[in-house]
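Shown next, in structure tokens, is the structure this report addresses.
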Amino acid sequence: MNYINKCGNLLIDNLDLKNPEHKETRRGFGDALVELGKSNPNVVVLGGDVSGSVRTDLFRDAFPDRFFSVGISEQDMMGTAAGLALAGKIPIASTYGEFATGRPFDQIRQSIAYSQMNVKICASHCGFTVGPDGATHQSLEDVGIMRILPHMNVVTPVDYNQTYKAVTECVKSEHPFYIRFYRDNSPNYTNPDAPFEFGKADTLYEGTDCTIIASGLMVWESMLALELLAEEKISCRLINMHTIKPIDRNAIVQAAKDTDCIVTCEDHQKIGGLGGAVAEVLAQEYPAPVEFIGASDTFGESGKAVELYEKYGLSFRHIAEAVKRAVKRKK
Amino acid sequence: MFPNLKNPVFTDIDDLSEMARQLRRDIINELLISKSGHSGGPLGLADLFSVLYFNKLNILPQDPYNPERDFVFLSIGHVAPIWYAALARRGYFPIDELKTLRKINGRLQGHPAPLKTHGLPGVEIASGALGQGLSIAVGTALGLKLDKKSNHVFCICGDGELNEGQIWEAAMTAHHHKTDNLTVIVDRNHCQIDNRTENVMMLEPLVEKWKAFGFELFEIDGHNLKEIMDTIDAAKKVKGKPSCIMLYTKMGQGVSFMQDNYKWHGVPPNDEQGKIALSELLPTKFGDFVDYYKK
């Protein structure tokens, strides 16, 4: 029997799990912006002094008239973006995850979410993987605080290719979006030609014993966990829940019905993020055992990303252990 | 073919003055019915709103979101009763709707609600949490400039609101991008909810602050209609930098017992106080939208 069963064409052909191509998700954002700049004259970008870091410098250099520097003032950036939307523009506001959500929460709440402004907040440097910068810069709450806002869409693409697609697609909608990505190089493994639809989860692997529902970089970590679990004859479904809001309720409920237990994995607090969102759906529609991988109500610290994943329980080994716990809890 | 948005309703100062008094009567009546809301700020701004909506703004109430319109952002959302009165009197929505201020299922929310959720014509975006309006105004001004359009953007801020740091972030952005299609109007009434402004947080030297932030400054009597009209014209002519009108007003202007008294920031008159207020604000040729005391 095969314990690892790839589904459809969602991953690139001949994927080498041991030695994948690496690319920055933030570069996927930056490259998508440049293409959008060419195809849509209404796309404008706001820079909060970190344009080289979040790769809006690519757009800035290509379309200087449509790039607005607002300095290190994230609250002002969100308001300015809302004002640009009122003037018919499609503003992309980008900075680091913590400063794109925590600092300007009230501005996003009133001027973007409540007012339903066509603003796309694109946050780089999210999660534990900014490692050495330490807890102040490790955005572990951003998905939660964006998810609780009515009208806000929350998307967490997994790699360069999917970040490119998410950014390209989001400007076709008139609704506010929060798109979360990362600083570091990470495996680039999703098929650039596969369809991408907000709110429709990607089932990457089919399995029978448990379902892993993961977001962002943790999808790759989960793929590594599948290998470990196969050695122990455990077969898992793996879902890339790239859209946290609106969440794919059907995919979650079907997974609970088919495999009777769930593990959620995110580079974020367990509280309020993907894990919370999945648990909310299951509690209402099909209660099943859930194990959570993520930050356990704690801030991070300085260290290498791989060290932090190990210390805070986010590595593929932790995921495999969580799956075994979940399987044991099945009735 | 193209509708004319430069269409002043009144050019005569006496008419604008009478409209300002009617707007004050409307505010009192709105608050008497709602029994909740802010009295002082709205009364102090009635002269400005009369000039803006009945003389100076390029607007088309029957087509409130005409792309050529001037934009008005009310950063101090709590003075909504004066905005609603002016919008209704100008024909944006039925005057009778002023009876629904702060009532459930209504469009006249306590603080202005977004067009997409509540659909009140004339409102561009939600406001209420202080300090946010100027950033939005700057963003719109930038978008209009990018399209080489001639619409003007007005942002009405309170003086107490200037405690918010975001205002000064936005002021820097306005200066940096030379948004000369933007005019900030500061309602300098020296009052905020807790006390006189200078007792809560020292704002002075306020004019120098705005100048230092790169704005062309105008200081005027906020109850002198001619001065307001002339200054709006002058502000729109400023080139290469944003403008700021320091509008010296009295909180509660027109009602003796409210005037210049910060305690009237956030409360409505009771029935007895309302009666006195309306007796001081003589009836006008425009007529009230309600006879509150006719039981």
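Chain labels run A, B, ... following the order of the structure tokens; each chain numbers its residues from 1, and ligands are numbered from 1 in the order shown.
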With the cut-off set at 9 Å and counting only C-alpha atoms, tabulate each residue of chain B with an atom at most that distance from an atom of chain A, showing the nearest atom pair and its distance in Å to one decimal, ordered by chain and increasing number, as a Markdown table.
```
| residue | atom | partner | partner_atom | distance |
| --- | --- | --- | --- | --- |
| B:Pro67 | CA | A:Ala87 | CA | 8.6 |
| B:Ala113 | CA | A:Ser115 | CA | 7.6 |
| B:Pro114 | CA | A:Ser115 | CA | 4.8 |
| B:Leu115 | CA | A:Ser115 | CA | 7.3 |
| B:Lys116 | CA | A:Gln116 | CA | 6.8 |
| B:Thr117 | CA | A:Ser115 | CA | 7.6 |
| B:Glu124 | CA | A:Leu86 | CA | 7.6 |
| B:Ile125 | CA | A:Ser115 | CA | 5.7 |
| B:Ala126 | CA | A:Ser115 | CA | 5.7 |
| B:Ser127 | CA | A:Gln110 | CA | 7.1 |
| B:Gly128 | CA | A:Gln110 | CA | 8.3 |
| B:Ala129 | CA | A:Gln110 | CA | 7.4 |
| B:Gln132 | CA | A:Gly79 | CA | 6.3 |
| B:Gly133 | CA | A:Gly79 | CA | 7.5 |
| B:Leu134 | CA | A:Gly79 | CA | 7.9 |
| B:Ser135 | CA | A:Thr80 | CA | 4.7 |
| B:Ile136 | CA | A:Gly83 | CA | 4.0 |
| B:Ala137 | CA | A:Gly83 | CA | 5.8 |
| B:Val138 | CA | A:Thr80 | CA | 6.0 |
| B:Gly139 | CA | A:Thr80 | CA | 4.0 |
| B:Thr140 | CA | A:Gly83 | CA | 4.2 |
| B:Ala141 | CA | A:Gly83 | CA | 7.7 |
| B:Leu142 | CA | A:Leu84 | CA | 6.8 |
| B:Gly143 | CA | A:Leu84 | CA | 5.2 |
| B:Leu144 | CA | A:Ala87 | CA | 6.2 |
| B:Leu146 | CA | A:Asp65 | CA | 7.6 |
| B:Gln166 | CA | A:Asp76 | CA | 5.9 |
| B:Ile167 | CA | A:Asp76 | CA | 8.0 |
| B:Trp168 | CA | A:Asp76 | CA | 9.0 |
| B:Glu169 | CA | A:Asp76 | CA | 6.0 |
| B:Ala170 | CA | A:Asp76 | CA | 5.7 |
| B:Met172 | CA | A:Val70 | CA | 8.2 |
| B:Thr173 | CA | A:Val70 | CA | 5.7 |
| B:His176 | CA | A:Val70 | CA | 8.3 |
| B:His177 | CA | A:Phe68 | CA | 8.2 |
```
If we count only C-alpha atoms, what is near Ile193 of chain B at a cut-off of 7 Å, once residues fewer than 5 positions away on the same chain are taken out, given as a count of residues only? 4
If you count only C-alpha atoms, the residue of B:Ile95, B:Cys157, B:Leu182, B:Met19 closest to Lys239 of chain B turns out to be B:Leu182
Nearest to Ser53 of chain A by atom-to-atom distance, counting only C-alpha atoms, from A:Cys210, A:Val130, A:Leu314, A:Ile234: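 Counting only C-alpha atoms, the residue closest to Ser53 of chain A is A:Val130.
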Distance query Gly119 of chain B at most 12 Å, only C-alpha atoms, self and fewer than 6 positions along chain excluded, as a PyMOL selection string: (chain A and resi 115) or (chain B and resi 64-65+92-93+105-109+112-113+125-126)
Requested write-out: C-alpha atoms of the selected residues, as an mmCIF file, in the first residue's frame:
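Okay, part.cif is ready:
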```cif
data_model
loop_
_atom_site.group_PDB
_atom_site.id
_atom_site.type_symbol
_atom_site.label_atom_id
_atom_site.label_comp_id
_atom_site.auth_asym_id
_atom_site.auth_seq_id
_atom_site.Cartn_x
_atom_site.Cartn_y
_atom_site.Cartn_z
ATOM 1 C CA SER A 115 -15.731 51.150 5.031
ATOM 2 C CA PRO B 64 -23.497 62.569 -5.089
ATOM 3 C CA TYR B 65 -20.536 60.554 -6.359
ATOM 4 C CA TYR B 92 -28.830 64.679 -0.656
ATOM 5 C CA PHE B 93 -31.629 62.870 1.179
ATOM 6 C CA ASN B 105 -32.075 50.583 11.187
ATOM 7 C CA GLY B 106 -31.328 54.174 10.219
ATOM 8 C CA ARG B 107 -28.770 55.650 7.847
ATOM 9 C CA LEU B 108 -27.888 58.535 10.185
ATOM 10 C CA GLN B 109 -25.532 56.610 12.437
ATOM 11 C CA PRO B 112 -20.924 58.597 9.823
ATOM 12 C CA ALA B 113 -21.214 55.064 8.472
ATOM 13 C CA ILE B 125 -16.132 56.755 4.248
ATOM 14 C CA ALA B 126 -16.658 55.957 7.917
#
```
Taking the DSSP secondary structure from the backbone, can you list the residues of segment 65-171 of chain A that are alpha helix (DSSP H), as a VMD selection string? chain A and resid 74 to 86 97 to 101 105 to 107 142 to 147 160 to 170
Any chance you could list, as a PyMOL selection string, the residues in segment 196-310 of chain A that come up strand (DSSP E or B) when DSSP is run on the backbone? chain A and resi 202-206+210-214+236-240+243-245+262-269+290-295
Length of the atom CA of Lys148 of chain B to atom CA of Val119 of chain A vector [Å]: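 Answer for the atom CA of Lys148 of chain B to atom CA of Val119 of chain A separation: 21.7 Å.
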Quick one: distance from atom CA of Gly91 of chain B to atom CA of Pro61 of chain B in Å, one decimal?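 A separation of 5.9 Å between them.
A straight line drawn from atom CA of Asn188 of chain A to atom CA of Leu140 of chain A is 22.5 Å long.
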Which residue of A:Val43, A:Pro157, A:Ala326, A:Ile271 approaches Asp297 of chain A most closely, using only C-alpha atoms: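 For Asp297 of chain A, the nearest of the given residues is A:Ile271.
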Thr156 of chain A: which residues within 6 Å, counting only C-alpha atoms, same-chain residues fewer than 2 positions away excluded, as a PyMOL selection string? chain A and resi 179-180+216+242
Selection export as an mmCIF file, in the first residue's frame, atoms kept: N, CA, C and O atoms:
```
data_model
loop_
_atom_site.group_PDB
_atom_site.id
_atom_site.type_symbol
_atom_site.label_atom_id
_atom_site.label_comp_id
_atom_site.auth_asym_id
_atom_site.auth_seq_id
_atom_site.Cartn_x
_atom_site.Cartn_y
_atom_site.Cartn_z
ATOM 1 N N ILE A 179 -2.851 39.745 2.618
ATOM 2 C CA ILE A 179 -2.059 38.639 2.069
ATOM 3 C C ILE A 179 -0.738 38.573 2.831
ATOM 4 O O ILE A 179 -0.052 39.580 2.990
ATOM 5 N N ARG A 180 -0.431 37.372 3.311
ATOM 6 C CA ARG A 180 0.693 37.186 4.233
ATOM 7 C C ARG A 180 1.784 36.344 3.566
ATOM 8 O O ARG A 180 1.511 35.268 3.028
ATOM 9 N N GLY A 216 0.627 28.460 4.650
ATOM 10 C CA GLY A 216 1.920 29.098 4.465
ATOM 11 C C GLY A 216 3.071 28.123 4.437
ATOM 12 O O GLY A 216 2.989 27.032 3.864
ATOM 13 N N HIS A 242 -4.923 27.854 1.849
ATOM 14 C CA HIS A 242 -4.292 29.150 1.537
ATOM 15 C C HIS A 242 -5.185 30.335 1.860
ATOM 16 O O HIS A 242 -4.713 31.435 2.086
#
```
Give the answer as one residue: which of B:Gly122, B:Pro283, B:Gly254, B:Pro268 has the shortest atom-to-atom distance to Val79 of chain B, using only C-alpha atoms? B:Pro268
Name the residues in contact with Leu98 of chain B at a cut-off of 8 Å, using only C-alpha atoms, excluding same-chain residues fewer than 3 positions from it; report them as an MDAnalysis selection string. chainID B and resid 30 84:85 88 94:95 101 108 289
Include C-alpha atoms and write out the residues we just selected as an mmCIF file, in the first residue's frame.
```cif
data_model
loop_
_atom_site.group_PDB
_atom_site.id
_atom_site.type_symbol
_atom_site.label_atom_id
_atom_site.label_comp_id
_atom_site.auth_asym_id
_atom_site.auth_seq_id
_atom_site.Cartn_x
_atom_site.Cartn_y
_atom_site.Cartn_z
ATOM 1 C CA GLU B 30 -32.111 66.292 15.673
ATOM 2 C CA TYR B 84 -26.485 65.450 8.169
ATOM 3 C CA ALA B 85 -28.408 68.726 8.440
ATOM 4 C CA ALA B 88 -30.396 67.025 3.926
ATOM 5 C CA PRO B 94 -35.120 63.697 2.474
ATOM 6 C CA ILE B 95 -35.096 66.293 5.243
ATOM 7 C CA LEU B 101 -30.461 60.316 13.926
ATOM 8 C CA LEU B 108 -27.888 58.535 10.185
ATOM 9 C CA PHE B 289 -38.212 69.683 9.679
#
```
If we count only C-alpha atoms and set the cut-off at 7 Å, which residues sit around Thr203 of chain A, ignoring sequence neighbours fewer than 4 positions away in its own chain? Please answer as a list in words. Cys7, Leu238, Ile239 and Asn240 of chain A
Tell me, as a PyMOL selection string, which residues lie within 12 Å of segment 219-233 of chain B, counting only C-alpha atoms; anything in the same chain fewer than 4 positions away does not count. chain B and resi 8+10-21+43-57+152-154+181-189+206-208+210-211+237-238+243-254
